[in-house]
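**Student:** Structure file data15.txt, compact mmCIF, C-alpha atoms, is pasted below:
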```txt
# COMPACT_ATOMS: atom_id res chain seq x y z
CA MET K 1 6.72 133.11 118.50
CA ILE K 2 8.64 131.60 115.55
CA ALA K 3 12.22 132.87 115.27
CA CYS K 4 14.28 133.20 112.11
CA ARG K 5 16.35 130.08 111.46
CA GLY K 6 19.32 132.29 110.63
CA CYS K 7 19.48 135.47 112.70
CA ARG K 8 17.03 134.41 115.45
CA GLY K 9 14.98 137.57 114.84
CA ASP K 10 11.19 137.77 114.69
CA ALA K 11 10.69 139.96 111.58
CA LEU K 12 9.19 137.13 109.52
CA HIS K 13 6.67 137.69 106.72
CA PRO K 14 4.78 134.89 104.91
CA ILE K 15 5.48 135.01 101.17
CA LEU K 16 4.11 131.67 99.94
CA ASP K 17 1.49 129.48 101.59
CA LEU K 18 0.48 126.19 99.94
CA GLY K 19 -1.88 125.17 102.72
CA LYS K 20 -1.85 121.48 103.61
CA VAL K 21 -0.20 119.12 101.15
CA PRO K 22 1.43 115.66 101.21
CA ALA K 23 4.95 115.20 102.58
CA ALA K 24 7.38 115.64 99.70
CA ASP K 25 9.53 112.58 100.34
CA HIS K 26 6.97 110.02 101.55
CA PHE K 27 6.03 107.77 98.62
CA PRO K 28 3.52 105.17 99.90
CA PRO K 29 3.20 101.69 98.40
CA THR K 30 0.83 101.60 95.44
CA ASP K 31 -1.80 99.62 97.33
CA ALA K 32 -1.71 101.79 100.46
CA PRO K 33 -4.99 103.69 100.85
CA ILE K 34 -4.90 107.48 100.96
CA ASP K 35 -5.95 108.78 104.37
CA ALA K 36 -6.52 112.30 105.61
CA SER K 37 -3.17 112.48 107.42
CA GLU K 38 -1.27 111.96 104.16
CA THR K 39 -2.34 115.32 102.77
CA ALA K 40 -2.43 117.29 106.02
CA HIS K 41 1.05 118.82 106.26
CA PRO K 42 1.31 122.66 106.28
CA LEU K 43 3.78 124.11 103.79
CA ARG K 44 4.68 127.81 103.97
CA MET K 45 7.69 129.97 103.14
CA ASP K 46 8.53 132.94 105.36
CA PHE K 47 10.99 135.76 104.66
CA CYS K 48 13.08 137.46 107.33
CA VAL K 49 13.29 141.15 106.57
CA GLU K 50 16.13 141.47 109.08
CA CYS K 51 18.64 139.07 107.47
CA GLY K 52 16.99 138.26 104.11
CA LEU K 53 16.71 134.51 104.66
CA ALA K 54 13.70 132.80 103.06
CA GLN K 55 12.80 129.73 105.06
CA LEU K 56 10.38 126.91 105.72
CA ALA K 57 7.97 128.14 108.37
CA GLU K 58 7.37 124.75 109.96
CA ASP K 59 7.73 121.08 109.16
CA ASP K 60 5.69 118.39 110.87
CA THR K 61 6.88 115.64 108.49
CA ARG K 62 9.44 112.97 109.21
CA ALA K 63 12.28 112.65 106.72
CA GLU K 64 12.26 109.43 104.70
CA GLU K 65 15.25 107.58 103.31
CA PRO K 66 16.38 109.13 100.00
CA ARG K 67 15.04 107.19 97.02
CA GLY K 68 16.20 109.27 94.07
CA VAL K 69 18.84 108.73 91.39
CA GLU K 70 21.35 111.52 90.77
CA PRO K 71 20.66 113.08 87.35
CA GLN K 72 23.44 113.24 84.76
CA ALA K 73 23.01 117.03 84.64
CA LEU K 74 24.02 117.24 88.29
CA ARG K 75 27.08 115.05 87.77
CA ASP K 76 28.16 117.09 84.76
CA GLN K 77 27.74 120.33 86.67
CA ALA K 78 29.83 119.02 89.58
CA ALA K 79 32.73 118.23 87.25
CA ASP K 80 32.43 121.67 85.66
CA ALA K 81 32.37 123.34 89.08
CA VAL K 82 35.53 121.63 90.30
CA GLU K 83 37.33 122.68 87.13
CA ARG K 84 36.28 126.28 87.67
CA VAL K 85 37.41 126.45 91.30
CA ALA K 86 40.66 124.55 90.76
CA GLY K 87 42.77 127.68 91.22
CA LEU K 88 41.38 128.23 94.72
CA LEU K 89 41.78 124.67 95.97
CA ARG K 90 44.32 124.46 98.75
CA GLY K 91 45.90 121.80 100.96
CA ARG K 92 45.37 118.08 100.62
CA THR K 93 42.33 117.21 102.76
CA VAL K 94 38.62 117.35 101.89
CA ARG K 95 35.43 116.93 103.87
CA GLU K 96 31.94 116.85 102.42
CA PHE K 97 28.64 117.67 104.10
CA GLY K 98 26.34 115.58 101.94
CA SER K 99 22.82 116.11 100.69
CA PRO K 100 19.96 113.70 101.44
CA HIS K 101 19.38 113.63 97.67
CA GLY K 102 22.70 111.86 97.15
CA GLY K 103 25.62 112.67 94.92
CA THR K 104 29.17 113.53 95.92
CA TRP K 105 32.06 115.69 94.76
CA VAL K 106 34.66 113.80 96.78
CA PRO K 107 35.93 111.58 93.92
CA LEU K 108 36.52 114.72 91.86
CA LEU K 109 38.83 115.94 94.63
CA THR K 110 40.53 112.65 95.46
CA SER K 111 41.43 112.30 91.78
CA ARG K 112 43.38 115.54 92.26
CA GLY K 113 45.35 114.16 95.20
CA PHE K 114 43.07 115.08 98.11
CA SER K 115 42.31 112.71 100.99
CA GLU K 116 38.85 112.55 102.52
CA VAL K 117 38.70 113.19 106.27
CA SER K 118 35.90 113.33 108.84
CA GLY K 119 37.28 116.21 110.91
CA THR K 120 38.81 119.54 109.97
CA ALA K 121 39.72 119.84 106.29
CA GLU K 122 41.36 122.38 104.02
CA VAL K 123 38.54 122.04 101.48
CA VAL K 124 34.98 121.69 102.79
CA LEU K 125 32.17 120.88 100.34
CA ASP K 126 28.43 121.38 100.61
CA CYS K 127 26.33 120.91 97.48
CA PHE K 128 22.65 121.48 98.28
CA GLY K 129 23.17 119.96 101.72
CA ILE K 130 22.96 122.84 104.19
CA MET K 131 19.42 123.80 103.15
CA HIS K 132 18.23 120.62 104.87
CA GLU K 133 19.36 121.85 108.31
CA PRO K 134 16.52 123.22 110.51
CA ASP K 135 18.95 125.36 112.56
CA GLN K 136 20.71 127.41 109.90
CA ARG K 137 22.87 129.42 112.29
CA ALA K 138 24.22 126.24 113.90
CA ALA K 139 24.75 124.58 110.50
CA PHE K 140 26.95 127.41 109.26
CA ALA K 141 28.91 127.40 112.51
CA GLU K 142 29.50 123.65 112.07
CA ARG K 143 30.83 124.07 108.53
CA ALA K 144 33.02 126.98 109.59
CA ALA K 145 34.49 124.85 112.39
CA ALA K 146 35.18 122.06 109.88
CA THR K 147 37.15 124.43 107.61
CA ALA K 148 40.82 124.53 108.58
CA PRO K 149 42.59 127.88 109.11
CA GLY K 150 43.57 129.02 105.63
CA GLY K 151 41.08 126.55 104.14
CA ILE K 152 38.10 127.13 101.87
CA LEU K 153 34.39 126.32 102.10
CA LEU K 154 32.62 125.62 98.78
CA LEU K 155 28.86 125.86 99.05
CA GLN K 156 26.41 125.44 96.19
CA TYR K 157 22.85 126.76 96.41
CA HIS K 158 19.74 127.14 94.28
CA SER K 159 19.31 130.89 94.07
CA LEU K 160 16.22 132.45 95.62
CA ALA K 161 16.40 135.05 92.84
CA THR K 162 16.06 132.22 90.30
CA ILE K 163 13.12 130.75 92.19
CA VAL K 164 11.35 134.11 92.06
CA ALA K 165 12.31 135.10 88.49
CA ALA K 166 11.41 131.69 87.02
CA GLY K 167 8.33 131.13 89.17
CA GLN K 168 9.82 127.99 90.73
CA TRP K 169 7.41 128.02 93.67
CA ASN K 170 7.54 124.24 93.94
CA SER K 171 11.13 124.48 95.12
CA LEU K 172 9.36 124.96 98.46
CA ARG K 173 9.06 121.58 100.06
CA HIS K 174 9.20 119.81 103.39
CA GLY K 175 12.74 119.16 104.59
CA HIS K 176 14.15 122.17 102.70
CA PHE K 177 14.50 124.70 105.49
CA ALA K 178 16.30 127.58 103.72
CA TYR K 179 16.23 129.32 100.32
CA TYR K 180 19.26 131.52 99.79
CA SER K 181 20.25 134.79 98.27
CA LEU K 182 23.91 135.76 98.33
CA SER K 183 23.13 138.69 100.63
CA ALA K 184 21.52 136.33 103.17
CA LEU K 185 24.44 133.92 102.87
CA ARG K 186 26.94 136.69 103.56
CA ARG K 187 25.09 137.44 106.80
CA LEU K 188 25.05 133.76 107.80
CA LEU K 189 28.75 133.43 106.97
CA ALA K 190 29.63 136.62 108.87
CA ASP K 191 27.90 135.23 111.96
CA ALA K 192 30.21 132.21 111.59
CA GLU K 193 33.21 134.55 111.11
CA MET K 194 33.65 133.72 107.44
CA SER K 195 33.49 135.77 104.21
CA ALA K 196 32.41 135.04 100.66
CA ILE K 197 35.30 135.71 98.26
CA ALA K 198 34.02 134.39 94.89
CA THR K 199 30.96 133.02 93.13
CA TRP K 200 30.31 131.03 89.96
CA GLU K 201 26.91 130.74 88.27
CA PHE K 202 25.48 127.66 86.54
CA ASP K 203 22.36 126.94 84.49
CA LEU K 204 21.43 123.92 86.63
CA TYR K 205 17.83 124.17 87.95
CA GLY K 206 17.46 127.43 86.06
CA GLY K 207 20.16 129.16 88.08
CA THR K 208 22.46 127.91 90.82
CA VAL K 209 25.46 129.54 92.43
CA LEU K 210 28.66 128.09 93.84
CA LEU K 211 30.17 130.22 96.58
CA ALA K 212 33.71 130.14 97.99
CA ALA K 213 34.21 131.37 101.57
CA VAL K 214 37.20 131.72 103.88
CA HIS K 215 37.76 132.55 107.52
CA GLY K 216 37.94 136.17 108.57
CA ASP K 217 37.01 139.42 106.88
CA ALA K 218 38.24 138.91 103.30
CA GLU K 219 37.70 141.14 100.27
CA PRO K 220 35.29 139.67 97.70
CA ASP K 221 36.15 139.65 94.01
CA ASP K 222 34.05 141.12 91.20
CA SER K 223 31.99 137.94 90.84
CA VAL K 224 30.47 138.44 94.29
CA ARG K 225 29.48 142.01 93.50
CA ALA K 226 28.00 140.92 90.15
CA THR K 227 25.92 138.17 91.76
CA LEU K 228 24.62 140.54 94.43
CA SER K 229 23.61 143.04 91.75
CA ALA K 230 21.89 140.41 89.58
CA GLU K 231 19.89 139.02 92.51
CA ALA K 232 18.77 142.32 94.02
CA ARG K 233 15.84 143.11 91.73
CA HIS K 234 14.14 139.81 92.52
CA LEU K 235 14.35 140.03 96.30
CA ASP K 236 12.05 142.82 97.41
CA LEU K 237 9.03 141.69 99.41
CA ALA K 238 6.54 142.45 96.61
CA ALA K 239 8.49 140.30 94.10
CA LEU K 240 8.73 137.45 96.60
CA GLN K 241 5.00 137.54 97.35
CA ARG K 242 4.16 137.20 93.65
CA LEU K 243 5.15 133.54 93.99
CA GLN K 244 1.68 132.93 95.43
CA GLN K 245 0.01 134.03 92.21
CA VAL K 246 2.43 131.95 90.13
CA THR K 247 1.49 128.91 92.21
CA ASP K 248 -2.20 129.25 91.45
CA THR K 249 -1.53 129.87 87.75
CA HIS K 250 0.77 126.84 87.49
CA ALA K 251 -1.63 124.40 89.10
CA HIS K 252 -4.52 125.66 86.94
CA ALA K 253 -2.42 125.50 83.74
CA LEU K 254 -1.35 121.91 84.39
CA ARG K 255 -4.89 120.80 85.20
CA THR K 256 -6.23 122.51 82.06
CA TRP K 257 -3.58 120.85 79.86
CA LEU K 258 -4.22 117.41 81.34
CA GLU K 259 -7.96 117.75 80.89
CA ALA K 260 -7.45 118.82 77.27
CA GLN K 261 -5.25 115.78 76.64
CA SER K 262 -7.87 113.51 78.19
CA ALA K 263 -10.67 115.10 76.15
CA GLN K 264 -8.73 114.24 72.98
CA GLY K 265 -8.37 110.63 74.09
CA LEU K 266 -4.60 110.99 74.61
CA ARG K 267 -2.82 108.93 77.26
CA VAL K 268 -0.45 110.93 79.44
CA TYR K 269 2.37 109.53 81.54
CA ALA K 270 4.91 111.55 83.50
CA TYR K 271 8.61 111.03 84.01
CA GLY K 272 10.33 111.85 87.29
CA ALA K 273 8.69 111.11 90.64
CA ALA K 274 10.37 114.22 91.97
CA SER K 275 9.67 115.75 95.35
CA ARG K 276 8.97 119.10 93.66
CA ALA K 277 6.09 117.47 91.77
CA VAL K 278 4.30 116.40 94.95
CA ALA K 279 2.74 119.76 95.86
CA LEU K 280 2.00 120.53 92.20
CA PHE K 281 0.12 117.26 91.69
CA SER K 282 -1.78 117.86 94.91
CA LEU K 283 -2.80 121.44 94.06
CA ALA K 284 -3.72 120.46 90.49
CA GLY K 285 -5.84 117.53 91.68
CA VAL K 286 -3.94 114.99 89.60
CA HIS K 287 -5.31 111.42 89.49
CA ARG K 288 -4.95 108.32 87.30
CA GLY K 289 -7.60 109.57 84.94
CA LEU K 290 -5.28 112.44 84.01
CA ILE K 291 -1.81 110.89 84.42
CA THR K 292 -1.79 107.12 84.05
CA ALA K 293 1.55 106.63 85.81
CA VAL K 294 4.87 108.32 86.59
CA ALA K 295 8.04 106.59 85.45
CA ASP K 296 11.20 106.94 87.51
CA ALA K 297 14.69 105.48 87.21
CA SER K 298 14.93 104.79 90.95
CA PRO K 299 14.02 101.18 91.78
CA ALA K 300 13.24 102.36 95.33
CA LYS K 301 10.34 104.47 94.04
CA GLN K 302 8.91 101.91 91.65
CA GLY K 303 5.90 100.06 93.07
CA ARG K 304 4.94 103.13 95.06
CA ARG K 305 2.63 106.02 94.21
CA MET K 306 2.78 109.80 94.10
CA PRO K 307 1.87 111.10 97.57
CA GLY K 308 -1.74 112.16 97.96
CA THR K 309 -2.74 110.63 94.62
CA ASP K 310 -3.59 107.23 93.14
CA VAL K 311 -0.95 107.66 90.40
CA PRO K 312 1.51 104.72 90.50
CA ILE K 313 5.27 104.99 89.97
CA VAL K 314 6.57 102.57 87.35
CA SER K 315 9.87 101.70 85.72
CA PRO K 316 11.14 103.34 82.51
CA ASP K 317 10.67 99.97 80.78
CA GLU K 318 6.96 100.08 81.64
CA LEU K 319 6.78 103.60 80.24
CA LEU K 320 8.28 102.47 76.94
CA ALA K 321 5.99 99.44 76.76
CA ALA K 322 2.93 101.66 77.31
CA GLN K 323 3.83 103.93 74.37
CA PRO K 324 1.93 106.94 75.77
CA ASP K 325 0.87 109.83 73.58
CA SER K 326 2.47 112.45 75.84
CA VAL K 327 5.07 112.36 78.62
CA LEU K 328 5.16 115.18 81.17
CA LEU K 329 8.73 115.76 82.34
CA THR K 330 8.55 117.01 85.92
CA LEU K 331 12.23 118.06 85.96
CA PRO K 332 13.02 120.00 82.76
CA ASP K 333 16.78 119.72 83.41
CA LEU K 334 16.45 116.03 82.55
CA LEU K 335 15.32 116.66 78.95
CA PRO K 336 18.71 116.12 77.23
CA GLU K 337 19.30 112.98 79.29
CA VAL K 338 15.90 111.36 78.68
CA ARG K 339 15.85 112.24 74.97
CA GLU K 340 19.16 110.44 74.55
CA ARG K 341 18.14 107.49 76.71
CA PHE K 342 14.64 107.03 75.24
CA PRO K 343 14.72 107.87 71.52
CA GLU K 344 11.47 105.91 71.13
CA LEU K 345 9.65 108.77 72.88
CA GLU K 346 10.95 111.55 70.66
CA GLY K 347 8.27 114.13 69.99
CA ARG K 348 6.21 113.15 73.03
CA TRP K 349 8.07 115.06 75.77
CA PHE K 350 6.43 118.04 77.47
CA SER K 351 8.44 119.91 80.10
CA ASP K 352 6.56 121.19 83.12
CA HIS K 353 6.35 125.01 83.16
CA PRO K 354 4.38 127.52 85.28
CA ASP K 355 2.44 128.65 82.20
CA GLY K 356 1.61 125.09 81.16
CA PRO K 357 3.60 122.14 79.77
CA VAL K 358 5.97 123.05 76.93
CA LYS K 359 6.74 120.58 74.16
CA GLY K 360 10.39 119.49 74.21
CA VAL K 361 12.53 120.85 71.40
```
Translate this structure into structure tokens?
**Tutor:**
Amino acid sequence: MIACRGCRGDALHPILDLGKVPAADHFPPTDAPIDASETAHPLRMDFCVECGLAQLAEDDTRAEEPRGVEPQALRDQAADAVERVAGLLRGRTVREFGSPHGGTWVPLLTSRGFSEVSGTAEVVLDCFGIMHEPDQRAAFAERAAATAPGGILLLQYHSLATIVAAGQWNSLRHGHFAYYSLSALRRLLADAEMSAIATWEFDLYGGTVLLAAVHGDAEPDDSVRATLSAEARHLDLAALQRLQQVTDTHAHALRTWLEAQSAQGLRVYAYGAASRAVALFSLAGVHRGLITAVADASPAKQGRRMPGTDVPIVSPDELLAAQPDSVLLTLPDLLPEVRERFPELEGRWFSDHPDGPVKGV
């Protein structure tokens, strides 16, 4: 019997099942042949009705070394977040539990006089890191133990309510073991003898939340109550299970758009060899006849291919030299950054969307 990663209960209900797809972070060399094992990894999200934690049901993949480049949008949001929480920062020591996707907030704290430590700290940071821990209960206990008495834990998460409301089904991926609502996080924190006292909301990824927690049973401020209220309508079991329908619609819409582009003799490239694009490309049956190549800023991904497909990953310079008719942006948050960086491609950007690619404006 599979137990909940958070509360250890057994009241788990499947809410999204993608079947067998490629591992989200394994980008094979371009010349490596596709074999059956590459596309044979189960990917399912379960929901615990006892504690409210949405979670990866199983993961038979092996984590690869991170190959991505931190987007400017993420760096800008980090700076904004630290400004917003400045009034709650306390002490002079900071510890960060990092994310496999890279990025760090530590320099933003050391510039304010904090010193980074590896043990107990008065400010503990976790930006999209804890979701990568298979044992959620143990992970929260570890972060609680790292937070000094009187200290503060700052934890940023991609809201499950956003995933449901925006149809972001492809946030489900191997290596991402938990998908949080604030109500589920309060339960996880309570089990670690901590309390959420404040939240801040950001537009990043369509809706992310930064949570501040302290030891003991503390009274939350109005922001916590507002976030709980805003999330509630998206978290009933029926709303969660609608993600399955959105998945099918999204894959069909992308395939239809790509086939229409091809029928008109238009060459399509993509930008962003993102892990969230792996399952989408697999379900949509993407191949080189539909997307010639995917450009990515990470040198570690260039010379490889999208998992489960024959679509190569190339450099941005190769994208510009190709002068494609259309460029599918797999991460819509990157649109301001890529439009500024690549003015030569103005008018050719299409942001991925569950209802079909949307032309960048």
**Student:** Please, what distance in Å, to one decimal, runs between CA of Met306 in chain K and CA of Phe281 in chain K?
**Tutor:**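 Separating CA of Met306 in chain K from CA of Phe281 in chain K is a distance of 8.3 Å.
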**Student:** Any idea what's packed within 8 Å of Thr292 in chain K, counting only C-alpha atoms, ignoring anything in its chain fewer than 6 positions away? Could you give it as a list in words?
**Tutor:**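 Neighbouring residues, sequence-local ones excluded: Arg267, Val268, Tyr269, Val311 and Pro312 of chain K.
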**Student:** If you measure from CA of Leu53 in chain K to CA of Trp200 in chain K, what distance in Å do you get, rounded to one decimal?
**Tutor:**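 Result for CA of Leu53 in chain K versus CA of Trp200 in chain K: 20.3 Å, one decimal.
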**Student:** Near Asn170 in chain K, within 7 Å and counting all atoms listed in the file, which residues show up once chain neighbours fewer than 2 positions away are dropped, as a list in words?
**Tutor:**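 After dropping sequence-adjacent residues, the list is Gln168, Leu172, Arg173, Arg276, Ala279 and Leu280 of chain K.
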**Student:** Record the distance separating CA of Glu96 in chain K and CA of Ala161 in chain K, expressed in Å with one decimal.
**Tutor:** 25.8 Å
**Student:** Kindly extract all protein, DNA and RNA residues lying within 6 Å of the coordinates (12.7, 110.9, 83.9) given in the file, considering only C-alpha atoms, and supply them as a ChimeraX atom specification.
**Tutor:** /K:271-272,296
**Student:** Find, counting all atoms listed in the file, the residue in K:Val286, K:Ala24, K:Glu231, K:Glu344 that gets nearest to Ala322 in chain K.
**Tutor:** K:Glu344
**Student:** Just the residues within 12 Å of Ala54 in chain K, please, counting only C-alpha atoms, with nothing from its chain fewer than 2 positions along; format it as a tab-separated table (two decimals) with C-alpha atoms, in the coordinates of the input.
**Tutor:**
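Just written: part29.tsv:
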```tsv
chain	number	residue	atom	x	y	z
K	4	CYS	CA	14.28	133.20	112.11
K	5	ARG	CA	16.35	130.08	111.46
K	6	GLY	CA	19.32	132.29	110.63
K	7	CYS	CA	19.48	135.47	112.70
K	11	ALA	CA	10.69	139.96	111.58
K	12	LEU	CA	9.19	137.13	109.52
K	13	HIS	CA	6.67	137.69	106.72
K	14	PRO	CA	4.78	134.89	104.91
K	15	ILE	CA	5.48	135.01	101.17
K	16	LEU	CA	4.11	131.67	99.94
K	44	ARG	CA	4.68	127.81	103.97
K	45	MET	CA	7.69	129.97	103.14
K	46	ASP	CA	8.53	132.94	105.36
K	47	PHE	CA	10.99	135.76	104.66
K	48	CYS	CA	13.08	137.46	107.33
K	49	VAL	CA	13.29	141.15	106.57
K	50	GLU	CA	16.13	141.47	109.08
K	51	CYS	CA	18.64	139.07	107.47
K	52	GLY	CA	16.99	138.26	104.11
K	56	LEU	CA	10.38	126.91	105.72
K	57	ALA	CA	7.97	128.14	108.37
K	131	MET	CA	19.42	123.80	103.15
K	136	GLN	CA	20.71	127.41	109.90
K	159	SER	CA	19.31	130.89	94.07
K	160	LEU	CA	16.22	132.45	95.62
K	161	ALA	CA	16.40	135.05	92.84
K	163	ILE	CA	13.12	130.75	92.19
K	164	VAL	CA	11.35	134.11	92.06
K	171	SER	CA	11.13	124.48	95.12
K	172	LEU	CA	9.36	124.96	98.46
K	176	HIS	CA	14.15	122.17	102.70
K	177	PHE	CA	14.50	124.70	105.49
K	178	ALA	CA	16.30	127.58	103.72
K	179	TYR	CA	16.23	129.32	100.32
K	180	TYR	CA	19.26	131.52	99.79
K	181	SER	CA	20.25	134.79	98.27
K	182	LEU	CA	23.91	135.76	98.33
K	183	SER	CA	23.13	138.69	100.63
K	184	ALA	CA	21.52	136.33	103.17
K	185	LEU	CA	24.44	133.92	102.87
K	235	LEU	CA	14.35	140.03	96.30
K	236	ASP	CA	12.05	142.82	97.41
K	237	LEU	CA	9.03	141.69	99.41
K	240	LEU	CA	8.73	137.45	96.60
K	241	GLN	CA	5.00	137.54	97.35
```
**Student:** Restricting the calculation to all atoms listed in the file, which member of K:Ala138, K:Leu154, K:Val224, K:Ala79 is positioned closest to Leu188 in chain K?
**Tutor:**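 Distance minimum relative to Leu188 in chain K lands on K:Ala138.
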**Student:** I want to know what sits within 8 Å of Phe128 in chain K, based on only C-alpha atoms, with residues of the same chain fewer than 5 positions away left out; could you give that as a ChimeraX atom specification?
**Tutor:** /K:98-99,155-158
**Student:** Which residue out of K:Pro149, K:Gly206, K:Pro134, K:Pro107 has the minimum interatomic distance to Ala3 in chain K when all atoms listed in the file are used?
**Tutor:**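 The answer is K:Pro134, which sits nearest to Ala3 in chain K.
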**Student:** Have a look at K:Val124, K:Leu335, K:Leu345, K:Ala86 and name the one nearest to Tyr205 in chain K; count all atoms listed in the file.
**Tutor:** K:Leu335
**Student:** Using all atoms listed in the file, which residues sit within 9 Å of Thr110 in chain K once same-chain residues fewer than 6 positions away are excluded, as a PyMOL selection string?
**Tutor:** chain K and resi 92-94+116
**Student:** Give me, as JSON lines, each residue of range 284-343 of chain K that comes within 12 Å of range 259-262 of chain K, together with its shortest interatomic pair and the distance in Å at one decimal, counting only C-alpha atoms, with rows ordered by chain and rising residue number.
**Tutor:**
```
{"residue": "K:Ala284", "atom": "CA", "partner": "K:Glu259", "partner_atom": "CA", "distance": 10.8}
{"residue": "K:Gly285", "atom": "CA", "partner": "K:Glu259", "partner_atom": "CA", "distance": 11.0}
{"residue": "K:Val286", "atom": "CA", "partner": "K:Glu259", "partner_atom": "CA", "distance": 10.0}
{"residue": "K:His287", "atom": "CA", "partner": "K:Glu259", "partner_atom": "CA", "distance": 11.0}
{"residue": "K:Arg288", "atom": "CA", "partner": "K:Ser262", "partner_atom": "CA", "distance": 10.9}
{"residue": "K:Gly289", "atom": "CA", "partner": "K:Ser262", "partner_atom": "CA", "distance": 7.8}
{"residue": "K:Leu290", "atom": "CA", "partner": "K:Ser262", "partner_atom": "CA", "distance": 6.5}
{"residue": "K:Ile291", "atom": "CA", "partner": "K:Ser262", "partner_atom": "CA", "distance": 9.1}
{"residue": "K:Thr292", "atom": "CA", "partner": "K:Ser262", "partner_atom": "CA", "distance": 10.6}
{"residue": "K:Pro324", "atom": "CA", "partner": "K:Gln261", "partner_atom": "CA", "distance": 11.4}
{"residue": "K:Asp325", "atom": "CA", "partner": "K:Gln261", "partner_atom": "CA", "distance": 9.1}
{"residue": "K:Ser326", "atom": "CA", "partner": "K:Gln261", "partner_atom": "CA", "distance": 8.4}
{"residue": "K:Val327", "atom": "CA", "partner": "K:Gln261", "partner_atom": "CA", "distance": 11.1}
{"residue": "K:Leu328", "atom": "CA", "partner": "K:Gln261", "partner_atom": "CA", "distance": 11.4}
```
**Student:** Around all the atoms of range 328-343 of chain K listed in the file, draw an axis-aligned box and extend it by 6 Å on each of the six sides; I want its centre and edge lengths in Å to one decimal, as JSON.
**Tutor:**
```
{"center_x": 12.2, "center_y": 113.5, "center_z": 78.7, "size_x": 26.1, "size_y": 25.0, "size_z": 26.4}
```
**Student:** I'd like to know which of K:Ile130, K:Asp191, K:Ser118, K:Ala40 is closest to Arg8 in chain K, using all atoms listed in the file.
**Tutor:** K:Asp191
**Student:** Export range 112-141 of chain K, C-alpha atoms, as a short mmCIF file (atom, residue, chain, number, x, y, z; two decimals), in the first residue's frame; it's the structure right above.
**Tutor:**
```
data_model
loop_
_atom_site.label_atom_id
_atom_site.label_comp_id
_atom_site.auth_asym_id
_atom_site.auth_seq_id
_atom_site.Cartn_x
_atom_site.Cartn_y
_atom_site.Cartn_z
CA ARG K 112 22.01 42.90 4.02
CA GLY K 113 24.63 41.77 6.52
CA PHE K 114 23.72 38.10 6.93
CA SER K 115 26.32 35.32 7.05
CA GLU K 116 25.67 31.98 5.38
CA VAL K 117 25.93 28.94 7.67
CA SER K 118 25.47 25.19 7.19
CA GLY K 119 23.81 24.48 10.54
CA THR K 120 21.06 26.22 12.46
CA ALA K 121 20.21 29.69 11.14
CA GLU K 122 17.90 32.54 12.06
CA VAL K 123 16.66 32.79 8.46
CA VAL K 124 16.11 29.56 6.52
CA LEU K 125 15.32 29.74 2.80
CA ASP K 126 13.68 27.23 0.49
CA CYS K 127 12.66 28.40 -2.98
CA PHE K 128 11.10 25.50 -4.91
CA GLY K 129 13.48 23.08 -3.21
CA ILE K 130 11.37 21.07 -0.78
CA MET K 131 9.06 19.72 -3.49
CA HIS K 132 11.98 17.57 -4.67
CA GLU K 133 12.05 15.59 -1.41
CA PRO K 134 10.38 12.14 -1.62
CA ASP K 135 9.73 12.06 2.16
CA GLN K 136 7.82 15.28 2.74
CA ARG K 137 7.27 14.77 6.47
CA ALA K 138 11.01 14.27 7.04
CA ALA K 139 11.89 17.24 4.81
CA PHE K 140 9.75 19.64 6.83
CA ALA K 141 11.19 18.27 10.07
#
```
